[in-house]
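Taking it in order: structure first as structure tokens, then the write-up.
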Amino acid sequence: MKTETETAQHSRVTEPSTGTSQSSSTGSGRRSAPLRAVTGSGVQKRRWGRAALVVVLAVISIPFIFPTLWMATSSLKPMSEILAKVPTLWPTDPSFDAYGEVFRLQPFAQQYWNSLYIAAIVTIGTMLFAAMAGYAFARIRFPGVNILFLIVLVGLLVPSEVTIVPLFRFVNELGLINTHWPLIVIPIFGAPAVLAVFIMRQFFLGLPGELEEAGRMDGLGRWGIFWRIAFPLSRSALAAVAIFTFLKSWNLYLEPIVYLSSKKMFTLPQALTQYVDAYGGPMWNVQLAATTLTVLPVLAVFLIAQKQFVQGLAQSGLKG
Amino acid sequence: MVTTTAAVLAGDTAKRRGRGKRPRRSAATRGDWIVGYTMVAPVVLGSLAFVIVPLVTVFWYSLHDWNVLANTFTFAGGENYERMLSDQGLHDSLLASLWFSIGLVILNIALALFLAVMLNQKLPGTTTFRTFFFSPVVVSLVAWTIVWSFLLQADGGINGFLNLLGIHGPNWLRGDFTAMLAVIVVQVFKNVGMNMILFLAALQGVPEELMEAARIDGARAWRRFWSITVPMISPTILLVSILTIVGSLEVFAQIDVLTQGGPGNSTTVLVYYLYQQAFQFNDFGYASAVSVLLFIIVLILTLLQWQTRKRWVFNEN
């Protein structure tokens, strides 16, 4: 029940509200508008007030979008210009030299690939196992189901920092330090996956039983019902899980710096901090070039699939 | 969240009991069980191996004197916990965490609420603004922090622009207060978009009729906000606040990139202190005790969140 209300709310949030905004100057979106609009000056005042609000929002936008723009333009500046006393919005002599350095100083392409393939495996693995577990917890009645679910839910209570010491020891004893195994296996099956299991379970709880019944009539077994009917129907929930799982893995920082030690094994967040000169001072233009390469693809995907992103992340934000 | 779960579980069990009075358990049912166990097995075993067992062992480790470099592992009873009582570094880190959480929650909630109310006005360009405010959420955390670190340098962008206005800006990351403020502000801009969306959802659940009635009674916008909007969405405000506090306790990357806990230890929050003890000083025993403390704090806050959620669900129905 609750999920439905929630999703309904989310979808309402994500629907573009442009439809009403055209007529907004007269405030026709509200029913009281005609009452107010009787006097011409009231309309005028209201229009100015709304224009002022738009200006306020535009000013507030600066700290949200300026850093990303500044990052991209600064990465094109030489070191001499990058920390200039008088900041230049656009480089006087744009060059891509820093981008060359990004790949020369570190095996950046390898690191990019590390982040990408780890995030991809974690995302696919989480979707698969979380969907299975979520389905079973929601639809199959077997003894001990509640206790098993509670065991899984404990993961929501435990921040990853709390268990980093024992997990480090465990990984170390298995001889898997400086490998990608802990960054793949622990997120798929450990605490980070619990939220995914929970969201999938919530989805499958709302699935009409008639669909399963129909599948059974057609001679499908449990697996068949899951694979042929339930799993394909769960696309919206899976999309949410995919988005927040991918971002979580892509952004992982503490775990890589604890588990990984050689540059060719590094993942992106960790690699970004490594562009320093002989004195330990950051090489800003190179660092910003690497950062730009990291940020832009995800940002581009976000702009294309904005609705799914906002919905998916809001869902995870609410439940986490 | 788990209140929902509990409610759902209770509902399930009730249903299950009702249905459970079936006359016989067929082979099909038992086949179903096997499928069920198989499907949950990966996640259940994973939770045991990567959550439950580590949680128990971290408590066990915390009762030991364990230095990795010296390779000592001896039972020490409550020694680590006694040490916590007199450890100034730990007290400072708790205080830093407290300041960070308070600053973050106040700024984040206020800004998120403000933005949500603004976006709910159906102003022109709302969709674009929403995209702007939400976009940092999808920017890699370390990348975002590096860019801000660049902006916050003594000769960085922010001071550069302040210079243009004739203001001599401070070295943000080198002053106790400004460093903490910087860490908070960077985090606020990174994640406020998420809370904004949650508030926006709540705002759109406020019945238009109520607003209408208040408007007819002559209540102005400000009054309507405090007397109708805030009470109507107060459960969400409380819930989002607690979520934000719990999240604020896990801040690590930002600290590591921006300040490394400095200047001095003014931004060494609890998680960063834990990391230093474990992976810089190799004192795994003491780090485990700090982990237990972190767990207890998060546990208390999460239980509080469930209480809140209960009320929230109630209001929703």
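Ordering of the structure tokens sets the chain letters (A, B, ...); residue numbers start at 1 within each chain; ligands are numbered from 1 in the order shown.
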>> Which residues are near Ala278 of chain B? Cut-off 12 Å, only C-alpha atoms, ignore same chain within fewer than 3 positions. Put them as a PyMOL selection string.
In response: (chain A and resi 161-166+168-169+258) or (chain B and resi 61-62+66-69+271-275+281-291)
Selection from above, N, CA and C atoms, as a JSON list (two decimals), in the first residue's frame, can you write it?
```
[["chain", "number", "residue", "atom", "x", "y", "z"],
["A", 161, "GLU", "N", 31.67, 1.29, 7.49],
["A", 161, "GLU", "CA", 32.86, 1.63, 8.27],
["A", 161, "GLU", "C", 32.99, 0.77, 9.53],
["A", 162, "VAL", "N", 31.85, 0.34, 10.06],
["A", 162, "VAL", "CA", 31.86, -0.41, 11.32],
["A", 162, "VAL", "C", 32.54, -1.76, 11.14],
["A", 163, "THR", "N", 32.34, -2.37, 9.97],
["A", 163, "THR", "CA", 32.88, -3.72, 9.78],
["A", 163, "THR", "C", 34.16, -3.74, 8.96],
["A", 164, "ILE", "N", 34.74, -2.56, 8.71],
["A", 164, "ILE", "CA", 35.89, -2.53, 7.82],
["A", 164, "ILE", "C", 37.09, -3.28, 8.42],
["A", 165, "VAL", "N", 37.26, -3.21, 9.74],
["A", 165, "VAL", "CA", 38.41, -3.89, 10.36],
["A", 165, "VAL", "C", 38.32, -5.41, 10.22],
["A", 166, "PRO", "N", 37.22, -6.03, 10.67],
["A", 166, "PRO", "CA", 37.13, -7.48, 10.48],
["A", 166, "PRO", "C", 37.12, -7.90, 9.01],
["A", 168, "PHE", "N", 38.62, -6.40, 6.57],
["A", 168, "PHE", "CA", 39.99, -6.27, 6.08],
["A", 168, "PHE", "C", 40.79, -7.51, 6.47],
["A", 169, "ARG", "N", 40.62, -7.94, 7.72],
["A", 169, "ARG", "CA", 41.35, -9.10, 8.18],
["A", 169, "ARG", "C", 40.94, -10.35, 7.39],
["A", 258, "VAL", "N", 41.52, 1.04, 1.35],
["A", 258, "VAL", "CA", 41.91, 0.06, 2.34],
["A", 258, "VAL", "C", 42.43, -1.22, 1.67],
["B", 61, "TYR", "N", 37.09, -8.33, 18.74],
["B", 61, "TYR", "CA", 38.38, -7.65, 18.58],
["B", 61, "TYR", "C", 38.53, -6.48, 19.54],
["B", 62, "SER", "N", 37.40, -5.80, 19.79],
["B", 62, "SER", "CA", 37.48, -4.60, 20.63],
["B", 62, "SER", "C", 37.89, -4.95, 22.06],
["B", 66, "TRP", "N", 45.45, -5.32, 20.06],
["B", 66, "TRP", "CA", 45.85, -5.91, 18.79],
["B", 66, "TRP", "C", 46.54, -4.88, 17.92],
["B", 67, "ASN", "N", 47.86, -5.02, 17.84],
["B", 67, "ASN", "CA", 48.60, -4.16, 16.92],
["B", 67, "ASN", "C", 49.08, -5.00, 15.76],
["B", 68, "VAL", "N", 48.73, -4.59, 14.57],
["B", 68, "VAL", "CA", 49.01, -5.40, 13.39],
["B", 68, "VAL", "C", 50.51, -5.46, 13.11],
["B", 69, "LEU", "N", 51.18, -4.32, 13.24],
["B", 69, "LEU", "CA", 52.61, -4.27, 12.93],
["B", 69, "LEU", "C", 53.40, -5.10, 13.93],
["B", 271, "VAL", "N", 34.51, 8.68, 12.00],
["B", 271, "VAL", "CA", 34.91, 7.67, 11.01],
["B", 271, "VAL", "C", 36.35, 7.89, 10.58],
["B", 272, "TYR", "N", 36.75, 9.15, 10.46],
["B", 272, "TYR", "CA", 38.13, 9.42, 10.06],
["B", 272, "TYR", "C", 39.09, 9.00, 11.16],
["B", 273, "TYR", "N", 38.70, 9.22, 12.41],
["B", 273, "TYR", "CA", 39.50, 8.80, 13.55],
["B", 273, "TYR", "C", 39.65, 7.28, 13.55],
["B", 274, "LEU", "N", 38.54, 6.61, 13.28],
["B", 274, "LEU", "CA", 38.54, 5.15, 13.19],
["B", 274, "LEU", "C", 39.51, 4.68, 12.11],
["B", 275, "TYR", "N", 39.46, 5.33, 10.97],
["B", 275, "TYR", "CA", 40.35, 4.98, 9.86],
["B", 275, "TYR", "C", 41.81, 5.20, 10.25],
["B", 281, "PHE", "N", 47.72, 3.97, 12.26],
["B", 281, "PHE", "CA", 48.45, 3.59, 13.47],
["B", 281, "PHE", "C", 48.42, 2.08, 13.72],
["B", 282, "ASN", "N", 47.74, 1.35, 12.85],
["B", 282, "ASN", "CA", 47.67, -0.11, 12.92],
["B", 282, "ASN", "C", 47.16, -0.65, 14.25],
["B", 283, "ASP", "N", 46.43, 0.17, 14.97],
["B", 283, "ASP", "CA", 45.88, -0.26, 16.25],
["B", 283, "ASP", "C", 44.48, -0.83, 16.03],
["B", 284, "PHE", "N", 44.43, -2.07, 15.56],
["B", 284, "PHE", "CA", 43.15, -2.67, 15.19],
["B", 284, "PHE", "C", 42.23, -2.89, 16.38],
["B", 285, "GLY", "N", 42.81, -3.17, 17.53],
["B", 285, "GLY", "CA", 42.00, -3.41, 18.73],
["B", 285, "GLY", "C", 41.22, -2.17, 19.11],
["B", 286, "TYR", "N", 41.93, -1.05, 19.21],
["B", 286, "TYR", "CA", 41.27, 0.19, 19.59],
["B", 286, "TYR", "C", 40.31, 0.65, 18.50],
["B", 287, "ALA", "N", 40.74, 0.49, 17.24],
["B", 287, "ALA", "CA", 39.86, 0.86, 16.13],
["B", 287, "ALA", "C", 38.56, 0.07, 16.19],
["B", 288, "SER", "N", 38.64, -1.19, 16.61],
["B", 288, "SER", "CA", 37.43, -2.01, 16.73],
["B", 288, "SER", "C", 36.51, -1.45, 17.81],
["B", 289, "ALA", "N", 37.10, -0.99, 18.91],
["B", 289, "ALA", "CA", 36.29, -0.39, 19.97],
["B", 289, "ALA", "C", 35.60, 0.87, 19.44],
["B", 290, "VAL", "N", 36.32, 1.66, 18.65],
["B", 290, "VAL", "CA", 35.71, 2.86, 18.06],
["B", 290, "VAL", "C", 34.59, 2.46, 17.10],
["B", 291, "SER", "N", 34.81, 1.35, 16.37],
["B", 291, "SER", "CA", 33.76, 0.85, 15.46],
["B", 291, "SER", "C", 32.49, 0.52, 16.24]]
```
> Quick one: which residues from chain B are at most 6 Å off chain A, using only C-alpha atoms, as a PyMOL selection string?
Replying inline: chain B and resi 1+33+36+39-40+43-44+46-47+50+54+58+122-124+127+133+139-140+142-143+155-156+160+201+291
> In Å, how far is it from atom CA of Ile225 of chain A to atom CA of Gly31 of chain B?
Replying inline: 13.7 Å
> Running DSSP on the backbone, which parts of segment 179-281 of chain A land in helix (DSSP H, G or I), as a ChimeraX atom specification?
Replying inline: /A:181-189,191-205,209-217,222-233,235-251,254-259,268-272
>> Residues near Lys263 of chain A, anyone? I mean within 10 Å using only C-alpha atoms, not counting same-chain ones fewer than 3 positions away, as a PyMOL selection string.
In response: chain A and resi 106-108+110-111+178+260+266-267+270-271+274
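Residues in contact with segment 232-245 of chain B at up to 7 Å, not including ones fewer than 6 positions away on its chain and judged by only C-alpha atoms, are Ser101, Val105, Ile109, Asn195, Ala202, Leu203, Val206, Leu301, Gln305, Thr308, Arg309 and Trp312 of chain B.
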>> Show me, as a PyMOL selection string, the residues that have an atom within 12 Å of Asp218 of chain A when counting only C-alpha atoms, minus same-chain residues fewer than 6 positions from it.
In response: chain A and resi 211-212+224-225+228-229
Go ahead and save the picked residues with N, CA and C atoms, as a compact mmCIF listing (two decimals), in the first residue's frame.
```txt
# COMPACT_ATOMS: atom_id res chain seq x y z
N LEU A 211 -1.36 -12.97 -11.86
CA LEU A 211 -0.33 -13.18 -12.87
C LEU A 211 0.39 -14.50 -12.65
N GLU A 212 0.72 -14.75 -11.36
CA GLU A 212 1.41 -16.00 -11.05
C GLU A 212 0.49 -17.18 -11.31
N GLY A 224 10.15 -20.66 -13.46
CA GLY A 224 9.56 -20.14 -14.69
C GLY A 224 8.75 -18.88 -14.41
N ILE A 225 7.96 -18.93 -13.33
CA ILE A 225 7.15 -17.76 -12.99
C ILE A 225 8.05 -16.57 -12.69
N ARG A 228 10.04 -15.69 -16.20
CA ARG A 228 9.24 -15.30 -17.35
C ARG A 228 8.25 -14.19 -17.02
N ILE A 229 7.78 -14.16 -15.75
CA ILE A 229 6.71 -13.20 -15.43
C ILE A 229 7.19 -12.10 -14.48
```
>> If we count only C-alpha atoms and set the cut-off at 8 Å, which residues sit around Gly193 of chain B, ignoring sequence neighbours fewer than 2 positions away in its own chain? Please answer as a list in words.
In response: Ala112, Arg130, Phe133, Phe134, Ser135, Pro136, Val137, Phe189, Lys190, Asn191, Asn195, Met196 and Ile197 of chain B
>> With only C-alpha atoms as the counted atoms, please give the residues lying no more than 12 Å from Gln260 of chain B, apart from itself and same-chain residues fewer than 2 positions off, as a ChimeraX atom specification.
In response: /B:149,173-174,179-180,183,252-258,262-269,271-273,275-276
Write to file, as a tab-separated table (two decimals), in the first residue's frame, the residues of the selection just made, with C-alpha atoms.
```
chain	number	residue	atom	x	y	z
B	149	SER	CA	39.15	21.79	-2.82
B	173	LEU	CA	40.95	24.92	4.54
B	174	ARG	CA	43.57	26.08	7.02
B	179	ALA	CA	37.69	24.22	7.38
B	180	MET	CA	34.73	22.68	9.19
B	183	VAL	CA	33.47	20.48	4.67
B	252	PHE	CA	34.87	10.04	5.03
B	253	ALA	CA	35.97	10.79	1.46
B	254	GLN	CA	35.25	14.51	1.78
B	255	ILE	CA	37.39	14.78	4.89
B	256	ASP	CA	40.21	12.73	3.38
B	257	VAL	CA	40.33	14.83	0.23
B	258	LEU	CA	39.66	18.30	1.65
B	262	GLY	CA	43.04	19.02	9.83
B	263	PRO	CA	43.97	21.68	10.55
B	264	GLY	CA	45.12	20.06	13.77
B	265	ASN	CA	42.34	17.58	14.26
B	266	SER	CA	39.50	20.05	13.88
B	267	THR	CA	37.78	18.07	11.13
B	268	THR	CA	38.76	14.59	12.31
B	269	VAL	CA	35.27	13.13	12.58
B	271	VAL	CA	34.91	7.67	11.01
B	272	TYR	CA	38.13	9.42	10.06
B	273	TYR	CA	39.50	8.80	13.55
B	275	TYR	CA	40.35	4.98	9.86
B	276	GLN	CA	43.47	6.61	11.31
```
> Interatomic distance between atom CA of Leu55 of chain B and atom CA of Ser262 of chain A?
Replying inline: 28.7 Å
> In Å, with one decimal, what is the gap from atom CA of Ala242 of chain A to atom CA of Ile118 of chain A?
Replying inline: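 We find that atom CA of Ala242 of chain A and atom CA of Ile118 of chain A lie 13.3 Å from each other.
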>> For a quick check of understanding, using only C-alpha atoms, which of A:Ala109, A:Ala98, A:Leu220, A:Ile177 has the smallest distance to Pro78 of chain A?
In response: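 With only C-alpha atoms as the atom set, the closest residue is A:Ala98.
For the residues B:Val186, B:Leu63, B:Leu198, B:Leu48, ranking by smallest atom-to-atom distance to Gly78 of chain B using only C-alpha atoms places B:Leu63 first.
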>> From the options B:Ala49, B:Ala221, B:Ile300, B:Val292, which residue's atoms come nearest to Met84 of chain B, counting only C-alpha atoms?
In response: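 With only C-alpha atoms as the atom set, the closest residue is B:Val292.
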